[in-house]
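Q: Input file: query-v7.csv. Contents: CSV, C-alpha atoms.
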```csv
chain,number,residue,atom,x,y,z
A,24,MET,CA,-26.5,-5.3,-9.1
A,25,ILE,CA,-23.0,-5.0,-7.7
A,26,THR,CA,-21.8,-8.1,-5.7
A,27,VAL,CA,-19.3,-7.8,-2.8
A,28,TYR,CA,-17.5,-10.9,-1.5
A,29,GLY,CA,-16.2,-10.2,1.9
A,30,MET,CA,-16.1,-11.0,5.6
A,31,ARG,CA,-18.4,-8.9,7.8
A,32,VAL,CA,-15.7,-8.5,10.5
A,33,SER,CA,-12.9,-7.5,8.2
A,34,GLY,CA,-11.9,-3.8,8.1
A,35,ASN,CA,-10.7,-4.2,4.5
A,36,CYS,CA,-14.1,-5.6,3.4
A,37,TRP,CA,-15.8,-2.9,5.5
A,38,LYS,CA,-14.2,-0.3,3.2
A,39,ALA,CA,-15.9,-1.7,0.2
A,40,SER,CA,-19.4,-1.8,1.7
A,41,GLN,CA,-19.0,1.6,3.3
A,42,ILE,CA,-17.9,3.4,0.1
A,43,LEU,CA,-20.7,1.8,-1.9
A,44,ARG,CA,-23.3,2.9,0.7
A,45,LEU,CA,-21.8,6.4,0.8
A,46,THR,CA,-21.9,6.8,-2.9
A,47,GLY,CA,-25.4,5.5,-3.4
A,48,HIS,CA,-24.7,2.0,-4.8
A,49,GLU,CA,-26.9,-0.9,-3.9
A,50,PHE,CA,-25.1,-4.2,-3.6
A,51,HIS,CA,-25.5,-7.8,-2.7
A,52,TRP,CA,-23.1,-9.1,0.0
A,53,VAL,CA,-21.8,-12.7,-0.2
A,54,GLU,CA,-20.2,-13.6,3.2
A,55,THR,CA,-16.9,-15.1,2.4
A,56,ASP,CA,-14.8,-16.5,5.2
A,57,THR,CA,-11.1,-16.6,4.6
A,58,GLN,CA,-10.6,-19.0,7.5
A,59,ASN,CA,-13.0,-21.8,6.5
A,60,GLY,CA,-12.0,-22.3,2.8
A,61,ASP,CA,-14.5,-20.0,1.1
A,62,THR,CA,-11.7,-18.2,-0.7
A,63,ALA,CA,-10.0,-21.5,-1.7
A,64,THR,CA,-12.8,-22.8,-3.9
A,65,GLN,CA,-12.3,-23.0,-7.7
A,66,ALA,CA,-15.3,-20.6,-8.2
A,67,PHE,CA,-13.7,-17.9,-5.9
A,68,ARG,CA,-10.2,-18.4,-7.4
A,69,ALA,CA,-11.8,-17.7,-10.8
A,70,LEU,CA,-12.8,-14.3,-9.5
A,71,ASN,CA,-9.6,-13.6,-7.6
A,72,PRO,CA,-6.7,-16.0,-8.2
A,73,GLN,CA,-5.0,-14.5,-5.1
A,74,GLY,CA,-7.8,-15.7,-2.9
A,75,GLU,CA,-8.2,-12.4,-1.0
A,76,VAL,CA,-11.3,-10.4,0.0
A,77,PRO,CA,-12.8,-8.0,-0.6
A,78,VAL,CA,-13.8,-8.7,-4.2
A,79,VAL,CA,-16.3,-6.4,-5.9
A,80,VAL,CA,-18.1,-7.6,-9.1
A,81,LEU,CA,-19.8,-5.0,-11.2
A,82,ASP,CA,-22.9,-5.6,-13.3
A,83,ASP,CA,-20.9,-6.3,-16.4
A,84,GLY,CA,-18.7,-8.9,-14.6
A,85,THR,CA,-15.7,-6.6,-14.0
A,86,VAL,CA,-13.8,-7.7,-10.9
A,87,LEU,CA,-12.2,-5.1,-8.6
A,88,THR,CA,-9.8,-6.0,-5.8
A,89,GLN,CA,-7.5,-4.2,-3.3
A,90,SER,CA,-9.6,-2.4,-0.7
A,91,ASN,CA,-8.0,1.0,-1.2
A,92,ALA,CA,-8.3,0.8,-4.9
A,93,ILE,CA,-12.0,0.0,-4.5
A,94,LEU,CA,-12.3,3.1,-2.2
A,95,ALA,CA,-10.7,5.3,-4.9
A,96,HIS,CA,-12.8,3.7,-7.7
A,97,PHE,CA,-16.2,4.5,-6.2
A,98,ALA,CA,-15.1,7.8,-4.6
A,99,GLU,CA,-14.0,9.3,-7.9
A,100,GLY,CA,-16.1,12.3,-8.8
A,101,THR,CA,-17.5,12.6,-5.3
A,102,ALA,CA,-16.4,14.7,-2.3
A,103,TRP,CA,-14.7,11.5,-0.8
A,104,MET,CA,-11.9,11.9,-3.3
A,105,PRO,CA,-10.5,15.4,-4.0
A,106,ALA,CA,-9.7,16.5,-7.6
A,107,PRO,CA,-6.2,15.7,-8.9
A,108,GLY,CA,-3.4,17.8,-7.5
A,109,LEU,CA,-1.9,18.2,-4.0
A,110,ALA,CA,-5.2,17.5,-2.2
A,111,ARG,CA,-5.6,14.1,-3.9
A,112,THR,CA,-1.9,13.3,-3.4
A,113,ARG,CA,-2.3,13.8,0.4
A,114,VAL,CA,-5.2,11.3,0.3
A,115,LEU,CA,-3.1,8.8,-1.6
A,116,GLN,CA,-0.2,9.2,0.8
A,117,TRP,CA,-2.5,8.1,3.7
A,118,LEU,CA,-3.9,5.2,1.6
A,119,PHE,CA,-0.5,3.8,0.8
A,120,TRP,CA,0.7,4.4,4.4
A,121,GLU,CA,-2.3,2.6,5.8
A,122,GLN,CA,-1.5,-0.6,3.8
A,123,TYR,CA,2.2,-0.5,4.6
A,124,SER,CA,2.5,0.9,8.1
A,125,HIS,CA,-0.9,0.5,9.9
A,126,GLU,CA,-2.9,-2.5,8.6
A,127,PRO,CA,-0.1,-5.0,8.9
A,128,TYR,CA,0.2,-4.4,12.6
A,129,ILE,CA,-3.2,-3.1,13.9
A,130,ALA,CA,-5.4,-5.4,11.8
A,131,VAL,CA,-3.1,-8.4,12.4
A,132,ALA,CA,-3.0,-7.9,16.2
A,133,ARG,CA,-6.9,-7.7,16.2
A,134,ASN,CA,-7.2,-10.8,14.1
A,135,LEU,CA,-4.7,-12.9,16.1
A,136,ILE,CA,-6.0,-11.8,19.5
A,137,THR,CA,-9.8,-11.5,19.0
A,138,TYR,CA,-10.6,-13.7,16.1
A,139,ARG,CA,-8.0,-16.5,16.2
A,140,GLY,CA,-7.3,-16.7,19.9
A,141,GLN,CA,-3.6,-16.9,19.3
A,142,LYS,CA,-2.4,-14.4,21.9
A,143,GLN,CA,0.0,-16.9,23.5
A,144,ALA,CA,0.9,-18.8,20.3
A,145,GLN,CA,1.9,-15.7,18.4
A,146,ALA,CA,3.5,-13.7,21.3
A,147,GLU,CA,6.6,-12.7,19.3
A,148,ARG,CA,4.7,-11.5,16.3
A,149,LEU,CA,2.2,-9.7,18.5
A,150,ALA,CA,5.1,-7.8,20.3
A,151,LEU,CA,6.1,-6.5,16.9
A,152,CYS,CA,2.5,-5.6,16.1
A,153,ALA,CA,2.2,-3.7,19.4
A,154,GLU,CA,5.4,-1.7,18.8
A,155,ARG,CA,4.7,-0.8,15.1
A,156,GLY,CA,0.9,-0.3,15.7
A,157,ALA,CA,1.7,2.2,18.5
A,158,LYS,CA,4.1,4.0,16.1
A,159,ALA,CA,1.3,4.1,13.5
A,160,LEU,CA,-1.2,5.5,16.0
A,161,GLY,CA,1.4,8.1,17.0
A,162,VAL,CA,1.7,9.2,13.4
A,163,MET,CA,-2.1,9.7,13.2
A,164,GLU,CA,-2.1,11.5,16.6
A,165,GLN,CA,0.5,14.0,15.3
A,166,ARG,CA,-2.0,15.0,12.5
A,167,LEU,CA,-5.3,14.6,14.4
A,168,ALA,CA,-4.3,16.4,17.6
A,169,GLY,CA,-4.7,19.6,15.6
A,170,HIS,CA,-7.0,18.7,12.7
A,171,ASP,CA,-10.5,17.3,12.3
A,172,PHE,CA,-9.6,14.9,9.4
A,173,LEU,CA,-6.5,13.3,7.9
A,174,THR,CA,-6.3,15.8,5.1
A,175,ASP,CA,-7.3,19.4,4.7
A,176,ALA,CA,-9.9,18.4,2.1
A,177,GLY,CA,-12.4,17.3,4.8
A,178,PRO,CA,-13.7,13.8,5.1
A,179,SER,CA,-12.2,11.6,2.4
A,180,VAL,CA,-11.4,8.0,1.6
A,181,ALA,CA,-8.2,8.5,3.6
A,182,ASP,CA,-10.4,8.8,6.7
A,183,LEU,CA,-12.4,5.7,5.7
A,184,ALA,CA,-9.3,3.7,5.0
A,185,LEU,CA,-7.8,4.5,8.4
A,186,PHE,CA,-11.1,4.3,10.3
A,187,ALA,CA,-11.5,0.7,9.2
A,188,TYR,CA,-9.1,-0.8,11.7
A,189,THR,CA,-8.5,2.2,14.0
A,190,HIS,CA,-12.1,2.2,15.4
A,191,VAL,CA,-11.6,-1.5,16.4
A,192,ALA,CA,-8.0,-1.2,17.5
A,193,ASP,CA,-9.0,-2.1,21.1
A,194,GLU,CA,-9.7,-5.6,19.8
A,195,GLY,CA,-5.9,-5.7,19.1
A,196,GLU,CA,-5.2,-4.4,22.6
A,197,PHE,CA,-4.4,-0.8,21.5
A,198,GLU,CA,-5.8,1.8,23.9
A,199,LEU,CA,-7.0,4.8,22.0
A,200,ALA,CA,-7.3,6.8,25.3
A,201,ALA,CA,-3.5,7.2,24.9
A,202,TYR,CA,-4.2,9.0,21.5
A,203,PRO,CA,-6.8,11.6,22.3
A,204,GLY,CA,-6.7,13.2,18.9
A,205,VAL,CA,-7.2,9.8,17.2
A,206,ALA,CA,-10.0,9.0,19.7
A,207,ALA,CA,-11.8,12.2,18.9
A,208,TRP,CA,-11.4,11.6,15.2
A,209,VAL,CA,-12.9,8.1,15.5
A,210,ALA,CA,-16.0,9.6,17.1
A,211,ARG,CA,-16.1,12.3,14.5
A,212,VAL,CA,-15.9,9.9,11.6
A,213,ALA,CA,-18.4,7.5,13.2
A,214,ALA,CA,-20.9,10.4,13.5
A,215,LEU,CA,-20.7,11.3,9.8
A,216,PRO,CA,-24.0,10.5,8.0
A,217,GLY,CA,-24.1,6.9,6.6
A,218,ILE,CA,-21.1,5.5,8.6
A,219,VAL,CA,-21.9,2.0,9.9
A,220,PRO,CA,-19.1,0.8,12.2
A,221,LEU,CA,-17.9,-2.8,12.2
A,222,PRO,CA,-19.8,-5.3,14.4
A,223,LYS,CA,-18.4,-6.1,17.8
A,224,PRO,CA,-17.1,-9.6,18.2
A,225,ILE,CA,-19.6,-12.0,19.8
A,226,SER,CA,-17.1,-13.1,22.4
A,227,ALA,CA,-13.7,-11.6,22.9
A,228,ALA,CA,-10.8,-14.0,23.3
B,11,MET,CA,14.1,23.4,-8.2
B,12,ILE,CA,12.6,20.2,-6.9
B,13,THR,CA,14.7,18.4,-4.3
B,14,VAL,CA,14.6,14.7,-3.7
B,15,TYR,CA,16.0,13.1,-0.6
B,16,GLY,CA,16.7,9.5,-1.2
B,17,MET,CA,19.2,6.6,-1.4
B,18,ARG,CA,20.5,5.8,-4.8
B,19,VAL,CA,20.2,2.0,-4.3
B,20,SER,CA,16.6,2.1,-3.0
B,21,GLY,CA,13.9,1.0,-5.4
B,22,ASN,CA,11.3,3.2,-3.6
B,23,CYS,CA,13.6,6.3,-4.1
B,24,TRP,CA,14.2,5.2,-7.7
B,25,LYS,CA,10.5,5.6,-8.3
B,26,ALA,CA,10.7,9.3,-7.4
B,27,SER,CA,13.7,10.2,-9.6
B,28,GLN,CA,12.4,8.0,-12.5
B,29,ILE,CA,8.9,9.7,-12.7
B,30,LEU,CA,10.5,13.1,-12.4
B,31,ARG,CA,12.8,12.4,-15.3
B,32,LEU,CA,10.0,10.9,-17.4
B,33,THR,CA,7.7,13.9,-16.8
B,34,GLY,CA,10.4,16.5,-17.6
B,35,HIS,CA,11.1,17.8,-14.1
B,36,GLU,CA,14.6,18.8,-13.2
B,37,PHE,CA,15.6,18.0,-9.6
B,38,HIS,CA,18.4,18.1,-7.1
B,39,TRP,CA,19.2,14.8,-5.4
B,40,VAL,CA,20.3,14.7,-1.8
B,41,GLU,CA,21.8,11.3,-1.0
B,42,THR,CA,20.2,10.3,2.3
B,43,ASP,CA,21.4,7.1,3.8
B,44,THR,CA,18.8,5.4,6.1
B,45,GLN,CA,21.5,3.2,7.7
B,46,ASN,CA,24.0,5.9,8.8
B,47,GLY,CA,21.7,8.3,10.6
B,48,ASP,CA,20.9,10.7,7.7
B,49,THR,CA,17.2,10.3,8.3
B,50,ALA,CA,17.5,10.6,12.1
B,51,THR,CA,18.7,14.2,12.1
B,52,GLN,CA,16.4,17.0,13.4
B,53,ALA,CA,16.5,18.7,9.9
B,54,PHE,CA,15.3,15.5,8.2
B,55,ARG,CA,12.7,14.8,10.8
B,56,ALA,CA,11.4,18.3,10.2
B,57,LEU,CA,10.8,17.3,6.6
B,58,ASN,CA,9.4,13.8,7.4
B,59,PRO,CA,8.7,13.0,11.0
B,60,GLN,CA,8.6,9.3,10.1
B,61,GLY,CA,12.2,9.3,9.0
B,62,GLU,CA,11.6,7.6,5.7
B,63,VAL,CA,12.8,8.2,2.1
B,64,PRO,CA,12.0,9.2,-0.6
B,65,VAL,CA,11.0,12.7,0.3
B,66,VAL,CA,10.3,15.2,-2.5
B,67,VAL,CA,10.3,18.9,-1.7
B,68,LEU,CA,8.7,21.2,-4.3
B,69,ASP,CA,9.7,24.7,-5.1
B,70,ASP,CA,7.2,26.2,-2.7
B,71,GLY,CA,8.4,23.9,0.2
B,72,THR,CA,5.6,21.4,-0.1
B,73,VAL,CA,6.8,18.0,1.1
B,74,LEU,CA,5.6,14.8,-0.6
B,75,THR,CA,6.2,11.3,0.8
B,76,GLN,CA,5.2,7.7,0.0
B,77,SER,CA,6.8,6.5,-3.2
B,78,ASN,CA,3.6,5.4,-5.0
B,79,ALA,CA,1.8,8.6,-4.1
B,80,ILE,CA,4.8,10.5,-5.6
B,81,LEU,CA,4.5,8.4,-8.7
B,82,ALA,CA,0.8,9.2,-9.0
B,83,HIS,CA,1.3,12.9,-8.3
B,84,PHE,CA,3.8,13.5,-11.1
B,85,ALA,CA,2.1,11.1,-13.5
B,86,GLU,CA,-1.3,12.9,-13.3
B,87,GLY,CA,-2.2,14.3,-16.7
B,88,THR,CA,0.4,12.2,-18.5
B,89,ALA,CA,0.2,8.9,-20.3
B,90,TRP,CA,1.8,7.2,-17.2
B,91,MET,CA,-1.5,7.6,-15.3
B,92,PRO,CA,-4.8,6.7,-17.2
B,93,ALA,CA,-7.8,9.0,-16.7
B,94,PRO,CA,-10.2,8.2,-13.9
B,95,GLY,CA,-12.3,5.1,-14.4
B,96,LEU,CA,-11.5,1.4,-14.7
B,97,ALA,CA,-8.1,1.9,-16.4
B,98,ARG,CA,-6.9,4.1,-13.4
B,99,THR,CA,-8.4,1.6,-10.9
B,100,ARG,CA,-6.4,-1.2,-12.5
B,101,VAL,CA,-3.2,0.9,-12.0
B,102,LEU,CA,-4.1,1.7,-8.4
B,103,GLN,CA,-4.7,-2.0,-7.7
B,104,TRP,CA,-1.1,-2.8,-8.7
B,105,LEU,CA,0.2,0.1,-6.7
B,106,PHE,CA,-1.4,-1.0,-3.5
B,107,TRP,CA,-0.5,-4.6,-4.2
B,108,GLU,CA,3.1,-3.7,-4.7
B,109,GLN,CA,3.4,-2.1,-1.3
B,110,TYR,CA,1.5,-4.9,0.5
B,111,SER,CA,2.4,-8.1,-1.2
B,112,HIS,CA,5.7,-7.5,-3.2
B,113,GLU,CA,7.9,-4.8,-1.6
B,114,PRO,CA,7.8,-6.3,1.9
B,115,TYR,CA,9.4,-9.5,0.7
B,116,ILE,CA,11.3,-8.8,-2.5
B,117,ALA,CA,12.8,-5.5,-1.4
B,118,VAL,CA,13.5,-6.7,2.1
B,119,ALA,CA,15.3,-9.9,0.9
B,120,ARG,CA,17.5,-7.8,-1.4
B,121,ASN,CA,18.3,-5.4,1.4
B,122,LEU,CA,19.1,-8.1,4.0
B,123,ILE,CA,21.2,-10.3,1.6
B,124,THR,CA,23.0,-7.8,-0.6
B,125,TYR,CA,23.2,-4.5,1.4
B,126,ARG,CA,23.3,-5.7,5.0
B,127,GLY,CA,25.0,-9.0,4.7
B,128,GLN,CA,22.5,-10.7,7.1
B,129,LYS,CA,21.8,-13.8,5.1
B,130,GLN,CA,22.6,-16.1,8.0
B,131,ALA,CA,21.5,-13.8,10.9
B,132,GLN,CA,18.0,-13.3,9.3
B,133,ALA,CA,17.5,-16.8,7.9
B,134,GLU,CA,14.0,-17.2,9.3
B,135,ARG,CA,12.8,-13.9,8.0
B,136,LEU,CA,14.4,-14.6,4.6
B,137,ALA,CA,12.6,-17.9,4.3
B,138,LEU,CA,9.3,-16.0,4.6
B,139,CYS,CA,10.6,-13.4,2.1
B,140,ALA,CA,11.5,-16.2,-0.3
B,141,GLU,CA,8.1,-17.8,-0.1
B,142,ARG,CA,6.0,-14.7,-0.3
B,143,GLY,CA,8.3,-13.1,-2.9
B,144,ALA,CA,7.9,-16.2,-5.1
B,145,LYS,CA,4.2,-15.9,-4.7
B,146,ALA,CA,4.3,-12.3,-5.8
B,147,LEU,CA,6.4,-13.0,-8.8
B,148,GLY,CA,3.9,-15.8,-9.7
B,149,VAL,CA,1.0,-13.2,-9.6
B,150,MET,CA,3.0,-11.0,-12.0
B,151,GLU,CA,3.8,-13.9,-14.2
B,152,GLN,CA,0.1,-14.8,-14.5
B,153,ARG,CA,-0.5,-11.3,-16.1
B,154,LEU,CA,2.7,-10.9,-18.0
B,155,ALA,CA,2.8,-14.3,-19.6
B,156,GLY,CA,0.2,-13.0,-22.0
B,157,HIS,CA,0.5,-9.2,-21.9
B,158,ASP,CA,3.2,-6.6,-22.5
B,159,PHE,CA,2.4,-4.4,-19.5
B,160,LEU,CA,0.6,-4.8,-16.1
B,161,THR,CA,-2.5,-3.0,-17.3
B,162,ASP,CA,-4.2,-2.7,-20.7
B,163,ALA,CA,-3.5,1.1,-20.7
B,164,GLY,CA,0.1,0.5,-21.8
B,165,PRO,CA,3.2,1.5,-19.8
B,166,SER,CA,2.0,3.2,-16.6
B,167,VAL,CA,3.1,4.0,-13.1
B,168,ALA,CA,2.0,0.4,-12.2
B,169,ASP,CA,4.9,-0.8,-14.4
B,170,LEU,CA,7.3,1.7,-12.8
B,171,ALA,CA,6.3,0.7,-9.2
B,172,LEU,CA,6.8,-3.0,-9.9
B,173,PHE,CA,9.9,-2.6,-12.0
B,174,ALA,CA,11.6,-0.8,-9.0
B,175,TYR,CA,12.4,-4.0,-7.1
B,176,THR,CA,11.6,-6.7,-9.7
B,177,HIS,CA,14.5,-5.7,-12.0
B,178,VAL,CA,16.9,-6.2,-9.1
B,179,ALA,CA,15.2,-9.2,-7.6
B,180,ASP,CA,18.3,-11.3,-8.3
B,181,GLU,CA,19.9,-9.3,-5.5
B,182,GLY,CA,17.4,-10.9,-3.1
B,183,GLU,CA,18.1,-14.4,-4.7
B,184,PHE,CA,15.0,-14.6,-6.8
B,185,GLU,CA,15.6,-16.1,-10.2
B,186,LEU,CA,13.6,-14.3,-12.9
B,187,ALA,CA,14.4,-17.1,-15.4
B,188,ALA,CA,11.7,-19.1,-13.6
B,189,TYR,CA,9.2,-16.3,-14.6
B,190,PRO,CA,9.7,-15.8,-18.3
B,191,GLY,CA,6.8,-13.4,-18.7
B,192,VAL,CA,8.2,-11.2,-15.9
B,193,ALA,CA,11.7,-11.4,-17.3
B,194,ALA,CA,10.5,-10.3,-20.8
B,195,TRP,CA,8.6,-7.5,-19.2
B,196,VAL,CA,11.6,-6.3,-17.2
B,197,ALA,CA,13.6,-6.1,-20.5
B,198,ARG,CA,10.6,-4.3,-22.1
B,199,VAL,CA,10.3,-1.7,-19.4
B,200,ALA,CA,14.1,-1.2,-19.3
B,201,ALA,CA,14.0,-0.5,-23.0
B,202,LEU,CA,11.4,2.3,-22.7
B,203,PRO,CA,12.8,5.8,-23.5
B,204,GLY,CA,14.2,7.4,-20.4
B,205,ILE,CA,14.3,4.4,-18.0
B,206,VAL,CA,17.5,4.3,-16.0
B,207,PRO,CA,17.8,1.1,-14.0
B,208,LEU,CA,19.2,1.0,-10.4
B,209,PRO,CA,23.0,0.7,-10.1
B,210,LYS,CA,24.4,-2.7,-9.4
B,211,PRO,CA,25.9,-3.2,-6.0
B,212,ILE,CA,29.7,-2.6,-5.8
B,213,SER,CA,30.2,-6.0,-4.2
B,214,ALA,CA,27.6,-8.6,-3.7
B,215,ALA,CA,27.5,-10.1,-0.2
```
How does this structure look as structure tokens?
A:
Amino acid sequence: MITVYGMRVSGNCWKASQILRLTGHEFHWVETDTQNGDTATQAFRALNPQGEVPVVVLDDGTVLTQSNAILAHFAEGTAWMPAPGLARTRVLQWLFWEQYSHEPYIAVARNLITYRGQKQAQAERLALCAERGAKALGVMEQRLAGHDFLTDAGPSVADLALFAYTHVADEGEFELAAYPGVAAWVARVAALPGIVPLPKPISAA
Amino acid sequence: MITVYGMRVSGNCWKASQILRLTGHEFHWVETDTQNGDTATQAFRALNPQGEVPVVVLDDGTVLTQSNAILAHFAEGTAWMPAPGLARTRVLQWLFWEQYSHEPYIAVARNLITYRGQKQAQAERLALCAERGAKALGVMEQRLAGHDFLTDAGPSVADLALFAYTHVADEGEFELAAYPGVAAWVARVAALPGIVPLPKPISAA
């Protein structure tokens, strides 16, 4: 069976479990906490020398890394990834944009504020996250104010990649009420069959 | 004819012109300086509201953004992008890794040091770039010490994406001599038919 090494509260790891569920793959989850040394062990480094999660291990031992590459891998040949051509390129644009212009601010703000309790200690970094994160949500709003999904191909891995940290952006102190198109899209994606949102933190910082 | 809006010294823009050349597309280049306001004009924002280069405009007016999505778009159906399956996923892993773990440090160090002359003013940021950039080159070395190209599929857009800023990493004060596998790979990619390296800066800061 496929094995996924990941943290349950991580949006990047959520992408792996979500696409596996949506494409009918059973998998075994190994909770792997990046904060308590689980990714620093020799055994984990043998799987992924970079010490990052998610890591997906196939039946034959093949190791897959990079959350958006994992999305693309399992989506290939399904409705979650359009056929090659402009439709696929639009999906890839959002996937690359997510990792460069969205995740580094919205995921990082959530982690520092809600999971590490470093709101004061990291005030300067969080100010940058707030500014760039708001810009990213603005880019999404521009599209989603007038469209149901991020690309014209209908629900795709682009929506999954962006849903990962957008639906928990409040944990990074972003207010989705200010982005009504984004908020409506979050509800729309959450209502798709088989979507299981991230768990809420046990106690907010 | 295809039009490319980009800066000649930008590695991300280089990717667009390079894949177009390699796949036999003629194009018209519009030099677009992100530092002097070229990307802030109403005309440019109409093409790309985010104000980023490269932007590729097809004959029918279709606008493509995100350098690695542009690589994938034109590489589709050529030897630069393997068919769907594990070989393609390996290429995508490197493309996502490049934008998240390589470009933000190696490209940024080069820009601040060589093109903006902010070596002193941005000392703290450059210290982070030096550390993370060295880590990224170490990851590449781990692969390239024993292989000719980044994936087993031979030269691909993964090599183009990483070549973009690695072959000018010295302009960000990274010494490739410390990474012999990477240095040999840079020479190997540069020697491929049709590869045109970035221009050297007129005066180093």
Q: Please return, as a PyMOL selection string, all residues of chain A lying within 9 Å of chain B when all atoms listed in the file are considered.
A: chain A and resi 72-73+87-93+95-96+99-100+107-109+111-120+122-123+127+162
Q: Between CA of Ala98 (chain A) and CA of Ala176 (chain A), what is the distance, to one decimal in Å?
A: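 Between CA of Ala98 (chain A) and CA of Ala176 (chain A) the gap is 13.6 Å.
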Q: Please report, as CSV, each residue of region 88-157 of chain B lying at most 9 Å from region 173-176 of chain B, together with the nearest pair of atoms and the separation in Å rounded to one decimal; use all atoms listed in the file, and order rows by chain and ascending residue number.
A:
```
residue,atom,partner,partner_atom,distance
B:His112,CA,B:Tyr175,CA,8.5
B:Glu113,CA,B:Tyr175,CA,7.2
B:Ile116,CA,B:Tyr175,CA,6.7
B:Ala117,CA,B:Tyr175,CA,5.9
B:Arg120,CA,B:Tyr175,CA,8.5
B:Leu147,CA,B:Thr176,CA,8.2
```
Q: Extract, using only C-alpha atoms, all DNA, RNA and protein residues at most 12 Å from Arg166 (chain A), discarding same-chain residues fewer than 6 positions from it, and format them as number ranges by chain.
A: A: 117, 159-160, 172-175, 182, 202-205, 208; B: 59
Q: Pull the neighbourhood of (26.7, 2.2, -5.0) for me: all residues within 8 Å in file coordinates, counting all atoms listed in the file, as a list in words.
A: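 Using all atoms listed in the file, the matching residues come out as Arg18, Val19, Pro209, Lys210, Pro211 and Ile212 of chain B.
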Q: Give me a file of those residues, with C-alpha atoms, as a PDB file, in the frame of the given file.
A:
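And here is the file that came out, part.pdb:
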```pdb
ATOM      1  CA  ARG B  18      20.500   5.800  -4.800  1.00  0.00           C
ATOM      2  CA  VAL B  19      20.200   2.000  -4.300  1.00  0.00           C
ATOM      3  CA  PRO B 209      23.000   0.700 -10.100  1.00  0.00           C
ATOM      4  CA  LYS B 210      24.400  -2.700  -9.400  1.00  0.00           C
ATOM      5  CA  PRO B 211      25.900  -3.200  -6.000  1.00  0.00           C
ATOM      6  CA  ILE B 212      29.700  -2.600  -5.800  1.00  0.00           C
TER       7      ILE B 212
END
```
Q: Distance cut-off 7 Å, centre (14.3, -11.2, -2.4) in file coordinates, counting only C-alpha atoms: which residues qualify? Return them as a PDB file with C-alpha atoms, keeping the file's coordinate frame.
A:
```
ATOM      1  CA  TYR B 115       9.400  -9.500   0.700  1.00  0.00           C
ATOM      2  CA  ILE B 116      11.300  -8.800  -2.500  1.00  0.00           C
ATOM      3  CA  ALA B 117      12.800  -5.500  -1.400  1.00  0.00           C
ATOM      4  CA  VAL B 118      13.500  -6.700   2.100  1.00  0.00           C
ATOM      5  CA  ALA B 119      15.300  -9.900   0.900  1.00  0.00           C
ATOM      6  CA  ARG B 120      17.500  -7.800  -1.400  1.00  0.00           C
ATOM      7  CA  CYS B 139      10.600 -13.400   2.100  1.00  0.00           C
ATOM      8  CA  ALA B 140      11.500 -16.200  -0.300  1.00  0.00           C
ATOM      9  CA  GLY B 143       8.300 -13.100  -2.900  1.00  0.00           C
ATOM     10  CA  ALA B 179      15.200  -9.200  -7.600  1.00  0.00           C
ATOM     11  CA  GLU B 181      19.900  -9.300  -5.500  1.00  0.00           C
ATOM     12  CA  GLY B 182      17.400 -10.900  -3.100  1.00  0.00           C
ATOM     13  CA  GLU B 183      18.100 -14.400  -4.700  1.00  0.00           C
ATOM     14  CA  PHE B 184      15.000 -14.600  -6.800  1.00  0.00           C
TER      15      PHE B 184
END
```
Q: Grab the CA of Ala200 (chain A) to CA of Leu151 (chain A) distance for me, in Å with one decimal place.
A: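 Separating CA of Ala200 (chain A) from CA of Leu151 (chain A) is a distance of 20.7 Å.
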